Each structure stands twice: as structure tokens, then as C-alpha cells.
$ cat model_14.csv   # CSV, C-alpha atoms
chain,number,residue,atom,x,y,z
A,1,MET,CA,20.1,8.6,4.2
A,2,SER,CA,16.3,8.3,4.8
A,3,LYS,CA,13.7,8.5,2.0
A,4,LEU,CA,10.8,10.8,1.9
A,5,ALA,CA,7.3,9.5,2.8
A,6,GLN,CA,6.2,10.2,-0.8
A,7,GLU,CA,9.0,8.0,-2.1
A,8,ILE,CA,7.9,5.1,0.1
A,9,VAL,CA,4.2,5.1,-0.4
A,10,ILE,CA,3.7,5.2,-4.2
A,11,ARG,CA,-0.1,4.9,-4.6
A,12,PRO,CA,-3.2,3.4,-2.9
A,13,ILE,CA,-4.7,0.2,-4.3
A,14,ILE,CA,-8.4,0.5,-5.1
A,15,THR,CA,-9.9,-2.9,-5.7
A,16,GLU,CA,-13.1,-4.5,-4.5
A,17,GLU,CA,-11.2,-6.7,-2.0
A,18,SER,CA,-9.0,-3.9,-0.6
A,19,MET,CA,-12.1,-1.6,-0.1
A,20,MET,CA,-13.7,-4.3,2.0
A,21,GLY,CA,-10.7,-4.0,4.4
A,22,THR,CA,-11.4,-0.3,5.0
A,23,ALA,CA,-14.3,-1.3,7.3
A,24,ASN,CA,-11.7,-2.9,9.6
A,25,LYS,CA,-9.3,0.0,9.2
A,26,LYS,CA,-7.0,-2.0,6.8
A,27,TYR,CA,-5.7,0.1,3.9
A,28,THR,CA,-3.6,-1.2,0.9
A,29,PHE,CA,-0.8,0.6,-0.8
A,30,LYS,CA,1.8,0.1,-3.5
A,31,VAL,CA,5.1,0.8,-1.8
A,32,ALA,CA,8.8,1.0,-2.7
A,33,LYS,CA,10.4,-2.4,-3.2
A,34,ASP,CA,13.3,-1.6,-0.8
A,35,ALA,CA,11.1,-0.2,2.0
A,36,ASN,CA,10.7,-2.2,5.2
A,37,LYS,CA,7.7,-2.4,7.5
A,38,ILE,CA,9.0,0.3,10.0
A,39,GLU,CA,9.6,2.8,7.2
A,40,ILE,CA,6.2,2.1,5.7
A,41,ALA,CA,4.4,2.6,9.0
A,42,LYS,CA,6.2,6.0,9.6
A,43,ALA,CA,5.5,7.1,6.1
A,44,VAL,CA,1.7,6.4,6.4
A,45,GLU,CA,1.6,8.1,9.8
A,46,THR,CA,3.3,11.3,8.4
A,47,LEU,CA,1.3,11.4,5.1
A,48,PHE,CA,-2.2,10.8,6.6
A,49,GLY,CA,-1.8,11.7,10.3
A,50,VAL,CA,-3.0,8.3,11.6
A,51,GLU,CA,-1.7,5.7,14.1
A,52,VAL,CA,-0.5,2.5,12.6
A,53,ALA,CA,-0.9,-0.8,14.6
A,54,LYS,CA,0.8,-3.2,12.1
A,55,VAL,CA,2.0,-3.6,8.6
A,56,ASN,CA,1.9,-6.7,6.4
A,57,THR,CA,3.9,-6.7,3.2
A,58,LEU,CA,4.1,-9.0,0.2
A,59,ASN,CA,6.0,-9.0,-3.0
A,60,VAL,CA,3.8,-9.2,-6.1
A,61,LYS,CA,5.4,-11.1,-9.0
A,62,GLY,CA,5.0,-9.7,-12.5
A,63,HIS,CA,2.4,-11.3,-14.8
A,64,LEU,CA,3.2,-12.8,-18.2
A,65,ARG,CA,1.9,-10.6,-21.0
A,66,ARG,CA,1.9,-11.3,-24.8
A,67,TYR,CA,1.7,-8.9,-27.6
A,68,GLY,CA,1.6,-10.8,-30.9
A,69,ARG,CA,4.6,-13.1,-31.0
A,70,TYR,CA,6.4,-11.1,-28.3
A,71,GLU,CA,6.0,-11.9,-24.6
A,72,GLY,CA,7.4,-10.6,-21.4
A,73,TYR,CA,6.7,-9.9,-17.8
A,74,THR,CA,5.1,-6.8,-16.2
A,75,PRO,CA,7.3,-5.3,-13.4
A,76,SER,CA,7.2,-6.9,-10.0
A,77,TRP,CA,6.2,-4.7,-7.1
A,78,LYS,CA,5.6,-4.6,-3.3
A,79,LYS,CA,2.2,-4.3,-1.6
A,80,ALA,CA,1.6,-3.2,2.0
A,81,ILE,CA,-1.6,-3.8,4.0
A,82,VAL,CA,-1.6,-1.2,6.8
A,83,THR,CA,-3.8,-1.8,9.9
A,84,LEU,CA,-4.6,1.3,12.0
A,85,THR,CA,-5.2,1.3,15.8
A,86,GLU,CA,-8.7,1.3,17.2
A,87,LYS,CA,-8.6,4.9,18.4
A,88,SER,CA,-7.0,6.2,15.2
A,89,LYS,CA,-9.0,8.2,12.7
A,90,THR,CA,-9.7,6.8,9.2
A,91,ILE,CA,-7.9,7.9,6.1
A,92,GLU,CA,-10.3,10.4,4.4
A,93,PHE,CA,-9.1,9.5,0.8
A,94,PHE,CA,-10.6,6.0,1.1
A,95,ASP,CA,-13.8,7.3,2.8
A,96,GLY,CA,-14.7,9.1,-0.4
A,97,MET,CA,-14.4,5.8,-2.4
A,98,MET,CA,-17.2,3.9,-0.5
$ encode --input "model_14.csv" --output "C-alpha cells"
Amino acid sequence: MSKLAQEIVIRPIITEESMMGTANKKYTFKVAKDANKIEIAKAVETLFGVEVAKVNTLNVKGHLRRYGRYEGYTPSWKKAIVTLTEKSKTIEFFDGMM
């Protein structure tokens, strides 16, 4: 039972540091926690029509947040940094951000 590409890649991450990576064809996404590197690469290729060279993943721990006398953690999530091949085209969505 395979997941859809839209279920694997949840949203792009738009930060100052992640936008610097776009110059080297490195794009950052929030992905499903149970997705592996192969599934992430295939999902990005089908969604954006690009060629993926490699995928780096990391689990982001939830941050402690306080609200008055109550405190708890924000949800943990998974981040994927996708590097495209040299001959691959760029992802147009990120081009509009620069």
C-alpha cells in the first residue's frame, strides 16, 4: 500500500537559511514522519518534474511552549533536504520566493 506524493511531501519550508540552499539546488520540505528517503525522492520527482540526486532527512524535536501555568511540547516532525542533479530544472515555486 503506497502513499500518494501529496501525503509524503506536506509543505515547503521557507526560511532564510533554506532559501540560501536554492542556489545549490537544495530544497527543504516538511515530510511525513514515516516516509523514507526513497519515497521522498520519488514524491518530489512526481510533484515537481525534477531529477533528485540525494535526500537528507532529520527528525525535528518539538519545542517546549508555555501558556500561563500550563506547558507542553509542540509536535515533532520530519524535515527533508532534497538535492537535485546538475542537469535537472529548478522548482518554479521556490524561484518566485527569491
$ atom_distance --input "model_14.csv" --atom1 "atom CA of A:Val55" --atom2 "atom CA of A:Val82"
4.7 Å
$ residues_around --input "model_14.csv" --residues "A:Ala5" --least-positions-apart "4" --cutoff "8 Å" --atoms "all atoms listed in the file" --output "list of chain:residue names"
A:Val9, A:Lys42, A:Ala43, A:Val44, A:Thr46, A:Leu47
$ atom_distance --input "model_14.csv" --atom1 "atom CA of A:Phe29" --atom2 "atom CA of A:Val60"
12.1 Å
$ atom_distance --input "model_14.csv" --atom1 "atom CA of A:Phe94" --atom2 "atom CA of A:Ile81"
13.6 Å
$ residues_around --input "model_14.csv" --residues "stretch 16-25 of chain A" --least-positions-apart "4" --cutoff "7 Å" --atoms "all atoms listed in the file" --output "ChimeraX atom specification"
/A:83-84,90
$ closest_residue --input "model_14.csv" --among "A:Val52, A:Ile40, A:Ala32, A:Leu4" --to "A:Ser88" --atoms "only C-alpha atoms"
A:Val52
